[in-house]
$ cat final27.pdb   # PDB, C-alpha atoms, pLDDT in the B column
ATOM      1  CA  MET H 290     -14.216  44.304 -41.123  1.00 44.00           C
ATOM      2  CA  ALA H 291     -16.002  42.707 -44.088  1.00 45.00           C
ATOM      3  CA  ARG H 292     -15.633  44.364 -47.462  1.00 45.00           C
ATOM      4  CA  GLU H 293     -18.805  46.051 -48.679  1.00 49.00           C
ATOM      5  CA  GLY H 294     -20.832  43.891 -51.028  1.00 55.00           C
ATOM      6  CA  SER H 295     -18.871  40.673 -50.516  1.00 76.00           C
ATOM      7  CA  SER H 296     -21.173  38.008 -49.117  1.00 85.00           C
ATOM      8  CA  ILE H 297     -18.319  35.514 -48.785  1.00 88.00           C
ATOM      9  CA  ASP H 298     -16.203  37.985 -46.818  1.00 87.00           C
ATOM     10  CA  LYS H 299     -19.132  38.749 -44.541  1.00 88.00           C
ATOM     11  CA  ALA H 300     -19.808  35.054 -43.901  1.00 89.00           C
ATOM     12  CA  LEU H 301     -16.144  34.354 -43.114  1.00 89.00           C
ATOM     13  CA  THR H 302     -15.917  37.398 -40.871  1.00 89.00           C
ATOM     14  CA  VAL H 303     -18.962  36.256 -38.903  1.00 90.00           C
ATOM     15  CA  LEU H 304     -17.598  32.719 -38.696  1.00 89.00           C
ATOM     16  CA  GLU H 305     -14.347  34.043 -37.255  1.00 85.00           C
ATOM     17  CA  ALA H 306     -16.172  36.336 -34.833  1.00 88.00           C
ATOM     18  CA  ILE H 307     -18.166  33.560 -33.151  1.00 88.00           C
ATOM     19  CA  ALA H 308     -14.910  32.224 -31.688  1.00 82.00           C
ATOM     20  CA  GLU H 309     -15.042  35.141 -29.232  1.00 83.00           C
ATOM     21  CA  HIS H 310     -18.550  36.614 -29.437  1.00 88.00           C
ATOM     22  CA  HIS H 311     -21.889  34.886 -28.917  1.00 87.00           C
ATOM     23  CA  ARG H 312     -24.601  37.522 -29.243  1.00 90.00           C
ATOM     24  CA  VAL H 313     -25.807  38.783 -32.613  1.00 91.00           C
ATOM     25  CA  THR H 314     -25.405  42.376 -31.444  1.00 91.00           C
ATOM     26  CA  ASP H 315     -21.790  41.808 -30.394  1.00 91.00           C
ATOM     27  CA  ILE H 316     -20.947  39.977 -33.625  1.00 92.00           C
ATOM     28  CA  ALA H 317     -22.472  42.791 -35.675  1.00 90.00           C
ATOM     29  CA  ALA H 318     -20.465  45.386 -33.730  1.00 91.00           C
ATOM     30  CA  GLU H 319     -17.250  43.409 -34.144  1.00 89.00           C
ATOM     31  CA  THR H 320     -17.651  42.742 -37.861  1.00 89.00           C
ATOM     32  CA  GLY H 321     -19.458  45.856 -39.073  1.00 89.00           C
ATOM     33  CA  VAL H 322     -22.108  43.647 -40.657  1.00 90.00           C
ATOM     34  CA  SER H 323     -25.748  44.545 -40.057  1.00 90.00           C
ATOM     35  CA  LYS H 324     -27.599  42.526 -37.416  1.00 90.00           C
ATOM     36  CA  SER H 325     -30.095  41.193 -39.945  1.00 91.00           C
ATOM     37  CA  THR H 326     -27.259  39.934 -42.171  1.00 92.00           C
ATOM     38  CA  VAL H 327     -25.401  38.454 -39.201  1.00 91.00           C
ATOM     39  CA  HIS H 328     -28.539  36.607 -38.162  1.00 89.00           C
ATOM     40  CA  ARG H 329     -29.053  35.250 -41.671  1.00 91.00           C
ATOM     41  CA  ILE H 330     -25.416  34.117 -41.916  1.00 92.00           C
ATOM     42  CA  LEU H 331     -25.601  32.443 -38.515  1.00 91.00           C
ATOM     43  CA  GLN H 332     -28.669  30.497 -39.553  1.00 90.00           C
ATOM     44  CA  SER H 333     -26.790  29.168 -42.571  1.00 91.00           C
ATOM     45  CA  LEU H 334     -23.770  28.317 -40.416  1.00 91.00           C
ATOM     46  CA  VAL H 335     -26.018  26.397 -38.029  1.00 90.00           C
ATOM     47  CA  GLU H 336     -27.508  24.436 -40.946  1.00 89.00           C
ATOM     48  CA  TRP H 337     -24.004  23.545 -42.120  1.00 89.00           C
ATOM     49  CA  GLY H 338     -22.827  22.625 -38.619  1.00 88.00           C
ATOM     50  CA  PHE H 339     -20.248  25.414 -38.402  1.00 87.00           C
ATOM     51  CA  ALA H 340     -22.217  27.110 -35.609  1.00 88.00           C
ATOM     52  CA  ARG H 341     -24.812  26.109 -33.059  1.00 89.00           C
ATOM     53  CA  THR H 342     -27.103  27.875 -30.619  1.00 89.00           C
ATOM     54  CA  ASP H 343     -25.871  28.034 -27.047  1.00 84.00           C
ATOM     55  CA  GLY H 344     -29.299  27.767 -25.430  1.00 80.00           C
ATOM     56  CA  ASN H 345     -29.190  31.352 -24.167  1.00 83.00           C
ATOM     57  CA  GLY H 346     -30.075  33.189 -27.350  1.00 85.00           C
ATOM     58  CA  GLY H 347     -26.507  33.236 -28.595  1.00 88.00           C
ATOM     59  CA  TYR H 348     -24.262  31.225 -30.884  1.00 91.00           C
ATOM     60  CA  GLU H 349     -20.985  29.332 -30.591  1.00 88.00           C
ATOM     61  CA  PRO H 350     -18.682  27.393 -32.931  1.00 86.00           C
ATOM     62  CA  GLY H 351     -20.232  24.171 -34.169  1.00 85.00           C
ATOM     63  CA  PRO H 352     -18.887  20.603 -34.342  1.00 82.00           C
ATOM     64  CA  ARG H 353     -18.061  20.804 -38.026  1.00 83.00           C
ATOM     65  CA  ILE H 354     -15.343  23.368 -37.263  1.00 78.00           C
ATOM     66  CA  LEU H 355     -13.652  20.859 -34.938  1.00 69.00           C
ATOM     67  CA  THR H 356     -13.955  18.097 -37.513  1.00 74.00           C
ATOM     68  CA  LEU H 357     -12.408  20.278 -40.198  1.00 71.00           C
ATOM     69  CA  ALA H 358      -9.706  21.527 -37.839  1.00 65.00           C
ATOM     70  CA  GLY H 359      -8.798  17.968 -36.886  1.00 62.00           C
ATOM     71  CA  ARG H 360      -8.397  16.958 -40.517  1.00 63.00           C
ATOM     72  CA  VAL H 361      -6.232  19.992 -41.224  1.00 57.00           C
ATOM     73  CA  MET H 362      -4.025  19.530 -38.150  1.00 53.00           C
ATOM     74  CA  ASN H 363      -3.321  15.915 -39.102  1.00 54.00           C
ATOM     75  CA  ARG H 364      -1.666  17.268 -42.261  1.00 55.00           C
ATOM     76  CA  PHE H 365      -0.213  20.401 -40.658  1.00 59.00           C
ATOM     77  CA  ASP H 366       3.571  20.730 -40.882  1.00 74.00           C
ATOM     78  CA  PRO H 367       4.879  23.698 -38.857  1.00 77.00           C
ATOM     79  CA  ALA H 368       8.234  23.632 -40.648  1.00 79.00           C
ATOM     80  CA  ARG H 369       6.563  23.902 -44.042  1.00 81.00           C
ATOM     81  CA  GLN H 370       4.351  26.751 -42.850  1.00 81.00           C
ATOM     82  CA  ALA H 371       7.430  28.560 -41.517  1.00 85.00           C
ATOM     83  CA  SER H 372       9.676  27.999 -44.537  1.00 87.00           C
ATOM     84  CA  GLY H 373       8.957  31.272 -46.343  1.00 91.00           C
ATOM     85  CA  ALA H 374       9.564  33.478 -43.309  1.00 92.00           C
ATOM     86  CA  LEU H 375      12.701  31.525 -42.340  1.00 93.00           C
ATOM     87  CA  SER H 376      14.123  31.815 -45.846  1.00 94.00           C
ATOM     88  CA  ALA H 377      13.463  35.564 -45.885  1.00 95.00           C
ATOM     89  CA  LEU H 378      15.208  36.012 -42.517  1.00 95.00           C
ATOM     90  CA  HIS H 379      18.139  33.901 -43.676  1.00 95.00           C
ATOM     91  CA  GLU H 380      18.444  35.911 -46.863  1.00 94.00           C
ATOM     92  CA  ARG H 381      18.491  39.192 -44.936  1.00 94.00           C
ATOM     93  CA  ILE H 382      20.944  38.322 -42.159  1.00 93.00           C
ATOM     94  CA  GLY H 383      23.138  35.556 -43.613  1.00 93.00           C
ATOM     95  CA  TYR H 384      23.559  33.671 -40.322  1.00 95.00           C
ATOM     96  CA  THR H 385      22.426  30.142 -39.500  1.00 96.00           C
ATOM     97  CA  THR H 386      18.668  30.159 -38.933  1.00 96.00           C
ATOM     98  CA  HIS H 387      16.756  27.597 -36.865  1.00 96.00           C
ATOM     99  CA  PHE H 388      13.178  26.679 -36.067  1.00 95.00           C
ATOM    100  CA  ALA H 389      12.612  24.282 -33.163  1.00 94.00           C
ATOM    101  CA  VAL H 390       9.459  23.054 -31.445  1.00 93.00           C
ATOM    102  CA  ARG H 391       9.045  22.009 -27.853  1.00 93.00           C
ATOM    103  CA  SER H 392       8.936  18.287 -27.139  1.00 91.00           C
ATOM    104  CA  GLY H 393       8.404  17.647 -23.446  1.00 92.00           C
ATOM    105  CA  ASP H 394      11.378  18.915 -21.449  1.00 94.00           C
ATOM    106  CA  GLU H 395      13.425  19.784 -24.529  1.00 95.00           C
ATOM    107  CA  ALA H 396      13.016  21.200 -28.017  1.00 94.00           C
ATOM    108  CA  VAL H 397      13.755  19.638 -31.390  1.00 93.00           C
ATOM    109  CA  TYR H 398      15.046  21.354 -34.518  1.00 94.00           C
ATOM    110  CA  VAL H 399      12.546  21.012 -37.356  1.00 91.00           C
ATOM    111  CA  ALA H 400      14.245  23.399 -39.796  1.00 93.00           C
ATOM    112  CA  LYS H 401      17.763  24.738 -40.323  1.00 94.00           C
ATOM    113  CA  LEU H 402      19.243  27.031 -42.935  1.00 95.00           C
ATOM    114  CA  GLU H 403      23.037  27.113 -42.818  1.00 95.00           C
ATOM    115  CA  GLY H 404      24.573  30.561 -42.724  1.00 93.00           C
ATOM    116  CA  ARG H 405      26.648  32.112 -45.472  1.00 92.00           C
ATOM    117  CA  ARG H 406      29.753  32.107 -43.303  1.00 90.00           C
ATOM    118  CA  PRO H 407      33.091  30.242 -43.562  1.00 90.00           C
ATOM    119  CA  TYR H 408      31.921  27.763 -40.917  1.00 91.00           C
ATOM    120  CA  GLN H 409      28.966  25.494 -40.161  1.00 90.00           C
ATOM    121  CA  MET H 410      26.968  25.002 -36.981  1.00 92.00           C
ATOM    122  CA  PRO H 411      26.899  21.515 -35.393  1.00 91.00           C
ATOM    123  CA  SER H 412      23.077  21.555 -35.181  1.00 92.00           C
ATOM    124  CA  ARG H 413      20.885  19.450 -37.462  1.00 91.00           C
ATOM    125  CA  VAL H 414      17.203  18.819 -38.087  1.00 91.00           C
ATOM    126  CA  GLY H 415      15.964  16.246 -35.579  1.00 91.00           C
ATOM    127  CA  MET H 416      18.553  17.180 -32.977  1.00 93.00           C
ATOM    128  CA  SER H 417      17.251  18.013 -29.502  1.00 93.00           C
ATOM    129  CA  LEU H 418      18.307  21.058 -27.502  1.00 95.00           C
ATOM    130  CA  ARG H 419      18.135  21.958 -23.839  1.00 96.00           C
ATOM    131  CA  LEU H 420      15.653  24.585 -22.761  1.00 97.00           C
ATOM    132  CA  HIS H 421      17.535  26.291 -19.918  1.00 97.00           C
ATOM    133  CA  CYS H 422      20.666  27.333 -21.805  1.00 97.00           C
ATOM    134  CA  THR H 423      19.644  27.954 -25.426  1.00 97.00           C
ATOM    135  CA  ALA H 424      18.001  30.972 -27.006  1.00 97.00           C
ATOM    136  CA  ILE H 425      15.047  29.015 -28.371  1.00 97.00           C
ATOM    137  CA  GLY H 426      14.733  27.064 -25.132  1.00 97.00           C
ATOM    138  CA  LYS H 427      14.633  30.158 -22.960  1.00 98.00           C
ATOM    139  CA  ALA H 428      12.180  31.801 -25.353  1.00 97.00           C
ATOM    140  CA  VAL H 429       9.908  28.792 -24.799  1.00 97.00           C
ATOM    141  CA  LEU H 430      10.349  28.723 -21.025  1.00 98.00           C
ATOM    142  CA  ALA H 431       9.658  32.447 -20.702  1.00 97.00           C
ATOM    143  CA  TRP H 432       6.072  31.925 -21.870  1.00 97.00           C
ATOM    144  CA  LEU H 433       5.334  28.921 -19.660  1.00 96.00           C
ATOM    145  CA  PRO H 434       3.832  29.166 -16.157  1.00 96.00           C
ATOM    146  CA  ALA H 435       6.469  29.424 -13.420  1.00 96.00           C
ATOM    147  CA  GLU H 436       5.404  26.144 -11.824  1.00 96.00           C
ATOM    148  CA  GLU H 437       5.775  24.353 -15.144  1.00 96.00           C
ATOM    149  CA  VAL H 438       9.257  25.814 -15.510  1.00 97.00           C
ATOM    150  CA  ARG H 439      10.137  24.638 -12.012  1.00 96.00           C
ATOM    151  CA  GLY H 440       8.923  21.157 -12.904  1.00 96.00           C
ATOM    152  CA  ILE H 441      11.161  21.085 -15.966  1.00 96.00           C
ATOM    153  CA  CYS H 442      14.087  22.305 -13.862  1.00 96.00           C
ATOM    154  CA  ALA H 443      13.522  19.533 -11.327  1.00 95.00           C
ATOM    155  CA  ARG H 444      13.371  16.856 -14.005  1.00 94.00           C
ATOM    156  CA  THR H 445      16.334  18.002 -16.100  1.00 94.00           C
ATOM    157  CA  GLY H 446      18.592  19.167 -13.305  1.00 93.00           C
ATOM    158  CA  LEU H 447      19.812  22.247 -15.253  1.00 95.00           C
ATOM    159  CA  PRO H 448      23.262  20.882 -16.118  1.00 96.00           C
ATOM    160  CA  ARG H 449      26.092  23.393 -16.434  1.00 96.00           C
ATOM    161  CA  MET H 450      27.236  23.495 -20.062  1.00 96.00           C
ATOM    162  CA  THR H 451      29.547  26.523 -19.839  1.00 96.00           C
ATOM    163  CA  PRO H 452      30.534  29.003 -17.109  1.00 96.00           C
ATOM    164  CA  GLY H 453      27.611  31.187 -18.234  1.00 95.00           C
ATOM    165  CA  THR H 454      24.893  28.543 -17.817  1.00 97.00           C
ATOM    166  CA  LEU H 455      22.139  29.306 -15.317  1.00 96.00           C
ATOM    167  CA  THR H 456      21.875  26.265 -13.039  1.00 96.00           C
ATOM    168  CA  GLU H 457      19.478  27.452 -10.314  1.00 96.00           C
ATOM    169  CA  ALA H 458      15.721  27.566 -10.892  1.00 97.00           C
ATOM    170  CA  ASP H 459      15.275  30.899  -9.107  1.00 97.00           C
ATOM    171  CA  ASP H 460      18.033  32.526 -11.182  1.00 97.00           C
ATOM    172  CA  LEU H 461      16.526  31.129 -14.361  1.00 97.00           C
ATOM    173  CA  LEU H 462      13.024  32.376 -13.515  1.00 97.00           C
ATOM    174  CA  ALA H 463      14.371  35.873 -12.797  1.00 97.00           C
ATOM    175  CA  HIS H 464      16.194  35.790 -16.127  1.00 97.00           C
ATOM    176  CA  LEU H 465      13.050  34.648 -17.957  1.00 97.00           C
ATOM    177  CA  ALA H 466      11.152  37.697 -16.688  1.00 97.00           C
ATOM    178  CA  GLY H 467      13.628  39.821 -18.661  1.00 97.00           C
ATOM    179  CA  VAL H 468      13.155  37.610 -21.712  1.00 97.00           C
ATOM    180  CA  ARG H 469       9.390  38.212 -21.614  1.00 96.00           C
ATOM    181  CA  ALA H 470       9.903  41.948 -21.228  1.00 96.00           C
ATOM    182  CA  ARG H 471      12.261  42.110 -24.234  1.00 95.00           C
ATOM    183  CA  GLY H 472      10.399  39.602 -26.373  1.00 95.00           C
ATOM    184  CA  TYR H 473      13.539  37.610 -27.165  1.00 97.00           C
ATOM    185  CA  ALA H 474      16.186  35.456 -25.473  1.00 97.00           C
ATOM    186  CA  LEU H 475      19.952  35.471 -25.806  1.00 97.00           C
ATOM    187  CA  ASP H 476      22.290  32.501 -25.555  1.00 96.00           C
ATOM    188  CA  ASP H 477      25.498  34.317 -24.685  1.00 94.00           C
ATOM    189  CA  ALA H 478      27.782  31.257 -24.928  1.00 94.00           C
ATOM    190  CA  GLU H 479      25.607  29.477 -22.334  1.00 96.00           C
ATOM    191  CA  ASN H 480      25.233  26.181 -24.179  1.00 96.00           C
ATOM    192  CA  HIS H 481      28.505  26.115 -26.117  1.00 95.00           C
ATOM    193  CA  PRO H 482      31.479  28.352 -25.256  1.00 94.00           C
ATOM    194  CA  GLU H 483      31.955  29.455 -28.854  1.00 95.00           C
ATOM    195  CA  ILE H 484      28.365  29.895 -30.054  1.00 95.00           C
ATOM    196  CA  LEU H 485      25.971  32.841 -29.535  1.00 96.00           C
ATOM    197  CA  CYS H 486      22.287  32.881 -30.459  1.00 97.00           C
ATOM    198  CA  VAL H 487      19.212  35.078 -30.270  1.00 97.00           C
ATOM    199  CA  GLY H 488      15.751  33.519 -30.299  1.00 97.00           C
ATOM    200  CA  ALA H 489      12.081  34.497 -30.093  1.00 97.00           C
ATOM    201  CA  PRO H 490       8.971  32.448 -29.290  1.00 97.00           C
ATOM    202  CA  VAL H 491       6.547  31.000 -31.810  1.00 96.00           C
ATOM    203  CA  PHE H 492       2.929  30.455 -30.767  1.00 95.00           C
ATOM    204  CA  ASP H 493       0.366  27.966 -32.079  1.00 90.00           C
ATOM    205  CA  HIS H 494      -3.298  28.361 -32.983  1.00 84.00           C
ATOM    206  CA  THR H 495      -4.311  28.181 -29.314  1.00 86.00           C
ATOM    207  CA  GLY H 496      -1.988  31.028 -28.330  1.00 91.00           C
ATOM    208  CA  GLN H 497       0.349  28.673 -26.456  1.00 93.00           C
ATOM    209  CA  VAL H 498       4.093  28.749 -27.039  1.00 96.00           C
ATOM    210  CA  LEU H 499       5.036  26.078 -29.587  1.00 93.00           C
ATOM    211  CA  GLY H 500       8.753  26.637 -30.093  1.00 95.00           C
ATOM    212  CA  GLY H 501      11.046  29.336 -31.355  1.00 96.00           C
ATOM    213  CA  ILE H 502      13.080  30.889 -34.145  1.00 97.00           C
ATOM    214  CA  SER H 503      16.780  31.673 -33.686  1.00 97.00           C
ATOM    215  CA  ILE H 504      19.893  32.805 -35.477  1.00 96.00           C
ATOM    216  CA  SER H 505      23.332  31.556 -34.438  1.00 96.00           C
ATOM    217  CA  ALA H 506      26.919  32.632 -34.957  1.00 95.00           C
ATOM    218  CA  LEU H 507      30.371  31.871 -33.620  1.00 95.00           C
ATOM    219  CA  ALA H 508      31.639  34.178 -30.902  1.00 92.00           C
ATOM    220  CA  MET H 509      34.541  35.201 -33.139  1.00 93.00           C
ATOM    221  CA  ASP H 510      31.995  36.469 -35.682  1.00 92.00           C
ATOM    222  CA  MET H 511      29.377  38.019 -33.389  1.00 91.00           C
ATOM    223  CA  ASP H 512      29.138  39.696 -29.996  1.00 91.00           C
ATOM    224  CA  ARG H 513      26.209  40.324 -27.653  1.00 90.00           C
ATOM    225  CA  GLU H 514      25.593  43.794 -29.057  1.00 93.00           C
ATOM    226  CA  GLY H 515      25.439  42.371 -32.558  1.00 92.00           C
ATOM    227  CA  LEU H 516      22.865  39.802 -31.439  1.00 91.00           C
ATOM    228  CA  GLU H 517      20.719  42.501 -29.892  1.00 93.00           C
ATOM    229  CA  ARG H 518      20.828  44.520 -33.096  1.00 94.00           C
ATOM    230  CA  LEU H 519      19.482  41.500 -34.980  1.00 95.00           C
ATOM    231  CA  ALA H 520      16.875  40.628 -32.325  1.00 96.00           C
ATOM    232  CA  PRO H 521      14.058  42.705 -33.909  1.00 96.00           C
ATOM    233  CA  GLU H 522      14.490  40.726 -37.143  1.00 96.00           C
ATOM    234  CA  VAL H 523      14.115  37.461 -35.232  1.00 97.00           C
ATOM    235  CA  VAL H 524      11.113  38.717 -33.254  1.00 96.00           C
ATOM    236  CA  ALA H 525       9.389  39.878 -36.442  1.00 95.00           C
ATOM    237  CA  THR H 526      10.018  36.519 -38.123  1.00 96.00           C
ATOM    238  CA  ALA H 527       8.730  34.591 -35.108  1.00 96.00           C
ATOM    239  CA  ARG H 528       5.595  36.725 -35.192  1.00 95.00           C
ATOM    240  CA  GLU H 529       5.131  36.036 -38.902  1.00 93.00           C
ATOM    241  CA  VAL H 530       5.529  32.299 -38.332  1.00 93.00           C
ATOM    242  CA  SER H 531       3.108  32.392 -35.380  1.00 93.00           C
ATOM    243  CA  LEU H 532       0.449  34.071 -37.496  1.00 90.00           C
ATOM    244  CA  ALA H 533       1.055  31.538 -40.282  1.00 87.00           C
ATOM    245  CA  LEU H 534       0.377  28.809 -37.723  1.00 86.00           C
ATOM    246  CA  GLY H 535      -2.919  30.437 -36.788  1.00 84.00           C
ATOM    247  CA  ALA H 536      -1.873  32.144 -33.549  1.00 86.00           C
ATOM    248  CA  PRO H 537      -4.285  34.818 -32.274  1.00 86.00           C
ATOM    249  CA  ARG H 538      -2.899  38.307 -32.827  1.00 80.00           C
ATOM    250  CA  SER H 539      -3.287  38.942 -29.100  1.00 80.00           C
ATOM    251  CA  ALA H 540      -0.663  36.236 -28.445  1.00 80.00           C
ATOM    252  CA  VAL H 541       2.124  37.752 -30.532  1.00 80.00           C
ATOM    253  CA  ARG H 542       4.129  40.926 -30.124  1.00 69.00           C
ATOM    254  CA  ASP H 543       3.816  43.772 -32.632  1.00 61.00           C
TER     255      ASP H 543
END

$ encode --input "final27.pdb" --output "structure tokens"
Amino acid sequence: MAREGSSIDKALTVLEAIAEHHRVTDIAAETGVSKSTVHRILQSLVEWGFARTDGNGGYEPGPRILTLAGRVMNRFDPARQASGALSALHERIGYTTHFAVRSGDEAVYVAKLEGRRPYQMPSRVGMSLRLHCTAIGKAVLAWLPAEEVRGICARTGLPRMTPGTLTEADDLLAHLAGVRARGYALDDAENHPEILCVGAPVFDHTGQVLGGISISALAMDMDREGLERLAPEVVATAREVSLALGAPRSAVRD
């Protein structure tokens, strides 16, 4: 809703609305801006190339938005955008905090904050991690189509890392349904016999899963119940990072 009397707010609200609405009436209803003002703003946006007519009496985003978006994305660093939320999570919980992004059939750590514990995790920025047996990996897989998950399983072979590793595609898919329902994934010593993690998905500006946020601890310092108690913190941080990356609110959990 645009603030009363702010022409800039009204213009930005209309610009944002044309991503989902095309008719002046619908845009006015969505934004709370009068139809005459919406029409005037749209005319200016068309002149600037940020909107264009769709040939059916409506409007749609214009080519200048794509040009601007392309320039921004070339300079866009997800780790930098996530740094504030990661630091806040790390400060609150004191355990090792990670941010990883998907890269093909694996994920890659792009940020790590070492925990305030008397030990260090073997992970490092730039290190790859398997998707089927890590908290971040399973958080990513849970928001991919089943056939895409099956393709990854076929290519990677789902190697057994510990006795708790899921090594059958059907078992993994059933497990991922629970991950989606909860909103977070657990690595209960499935990748390393002495390390436990909880992770939640991060989404990009298109609403697609980009990667995930996790916290990790040694089994001697954390149990499954402890991970689940911290899960809401991780989910909230992943949501904050997703929104910072431009994810639609409909793509992230409240």

$ closest_atom_pairs --input "final27.pdb" --of "stretch 382-501 of chain H" --to "stretch 521-529 of chain H" --cutoff "12 Å" --atoms "only C-alpha atoms" --output "tab-separated table"
residue	atom	partner	partner_atom	distance
H:Ile382	CA	H:Glu522	CA	8.5
H:Gly383	CA	H:Glu522	CA	12.0
H:Tyr384	CA	H:Val523	CA	11.4
H:Thr385	CA	H:Val523	CA	11.9
H:Thr386	CA	H:Val523	CA	9.4
H:His387	CA	H:Val523	CA	10.3
H:Phe388	CA	H:Ala527	CA	9.1
H:Ala389	CA	H:Ala527	CA	11.2
H:Ala424	CA	H:Val523	CA	11.2
H:Ile425	CA	H:Ala527	CA	10.8
H:Ala428	CA	H:Val524	CA	10.6
H:Val429	CA	H:Ala527	CA	11.9
H:Val468	CA	H:Val524	CA	11.8
H:Arg469	CA	H:Val524	CA	11.8
H:Arg471	CA	H:Val524	CA	9.7
H:Gly472	CA	H:Val524	CA	7.0
H:Tyr473	CA	H:Val524	CA	6.6
H:Ala474	CA	H:Val524	CA	9.8
H:Leu475	CA	H:Val523	CA	11.3
H:Cys486	CA	H:Val523	CA	10.5
H:Val487	CA	H:Val523	CA	7.5
H:Gly488	CA	H:Val523	CA	6.5
H:Ala489	CA	H:Val524	CA	5.4
H:Pro490	CA	H:Ala527	CA	6.2
H:Val491	CA	H:Ala527	CA	5.3
H:Phe492	CA	H:Arg528	CA	8.1
H:Asp493	CA	H:Arg528	CA	10.7
H:Gly496	CA	H:Arg528	CA	11.7
H:Val498	CA	H:Ala527	CA	11.0
H:Leu499	CA	H:Ala527	CA	10.8
H:Gly500	CA	H:Ala527	CA	9.4
H:Gly501	CA	H:Ala527	CA	6.9

$ atom_distance --input "final27.pdb" --atom1 "atom CA of H:Thr320" --atom2 "atom CA of H:Thr302"
6.4 Å

$ atom_distance --input "final27.pdb" --atom1 "atom CA of H:Asp460" --atom2 "atom CA of H:Glu395"
19.0 Å

$ atom_distance --input "final27.pdb" --atom1 "atom CA of H:Asp477" --atom2 "atom CA of H:Ala540"
26.5 Å

$ residues_around --input "final27.pdb" --residues "H:Ala533" --least-positions-apart "3" --cutoff "12 Å" --atoms "only C-alpha atoms" --output "tab-separated table (two decimals) with C-alpha atoms, keeping the file's coordinate frame"
chain	number	residue	atom	x	y	z
H	365	PHE	CA	-0.21	20.40	-40.66
H	366	ASP	CA	3.57	20.73	-40.88
H	367	PRO	CA	4.88	23.70	-38.86
H	368	ALA	CA	8.23	23.63	-40.65
H	369	ARG	CA	6.56	23.90	-44.04
H	370	GLN	CA	4.35	26.75	-42.85
H	371	ALA	CA	7.43	28.56	-41.52
H	372	SER	CA	9.68	28.00	-44.54
H	373	GLY	CA	8.96	31.27	-46.34
H	374	ALA	CA	9.56	33.48	-43.31
H	375	LEU	CA	12.70	31.52	-42.34
H	491	VAL	CA	6.55	31.00	-31.81
H	492	PHE	CA	2.93	30.46	-30.77
H	493	ASP	CA	0.37	27.97	-32.08
H	494	HIS	CA	-3.30	28.36	-32.98
H	526	THR	CA	10.02	36.52	-38.12
H	527	ALA	CA	8.73	34.59	-35.11
H	528	ARG	CA	5.60	36.72	-35.19
H	529	GLU	CA	5.13	36.04	-38.90
H	530	VAL	CA	5.53	32.30	-38.33
H	536	ALA	CA	-1.87	32.14	-33.55
H	537	PRO	CA	-4.28	34.82	-32.27
H	538	ARG	CA	-2.90	38.31	-32.83
H	541	VAL	CA	2.12	37.75	-30.53

$ resolve_selection --input "final27.pdb" --expression "the PyMOL selection byres ((chain H and resi 450-459) around 9)" --output "PyMOL selection string"
chain H and resi 421-422+438-439+442-443+446-449+460-464+477-482

$ resolve_selection --input "final27.pdb" --expression "the PyMOL selection byres ((chain H and resi 415) around 12)" --output "ChimeraX atom specification"
/H:368,387-392,395-401,412-414,416-418

$ resolve_selection --input "final27.pdb" --expression "the PyMOL selection byres ((chain H and resi 348-358) around 8)" --output "ChimeraX atom specification"
/H:304,307-308,310-313,331,335,337-343,346-347,359-362

$ residues_around --input "final27.pdb" --residues "H:Leu507" --least-positions-apart "4" --cutoff "9 Å" --atoms "all atoms listed in the file" --output "PyMOL selection string"
chain H and resi 408+410+483-486+511-512

$ residues_around --input "final27.pdb" --residues "H:Val322" --least-positions-apart "5" --cutoff "7 Å" --atoms "all atoms listed in the file" --output "short mmCIF file (atom, residue, chain, number, x, y, z; two decimals) with C-alpha atoms, in the coordinates of the input"
data_model
loop_
_atom_site.label_atom_id
_atom_site.label_comp_id
_atom_site.auth_asym_id
_atom_site.auth_seq_id
_atom_site.Cartn_x
_atom_site.Cartn_y
_atom_site.Cartn_z
CA LYS H 299 -19.13 38.75 -44.54
CA ALA H 317 -22.47 42.79 -35.67
CA VAL H 327 -25.40 38.45 -39.20
#
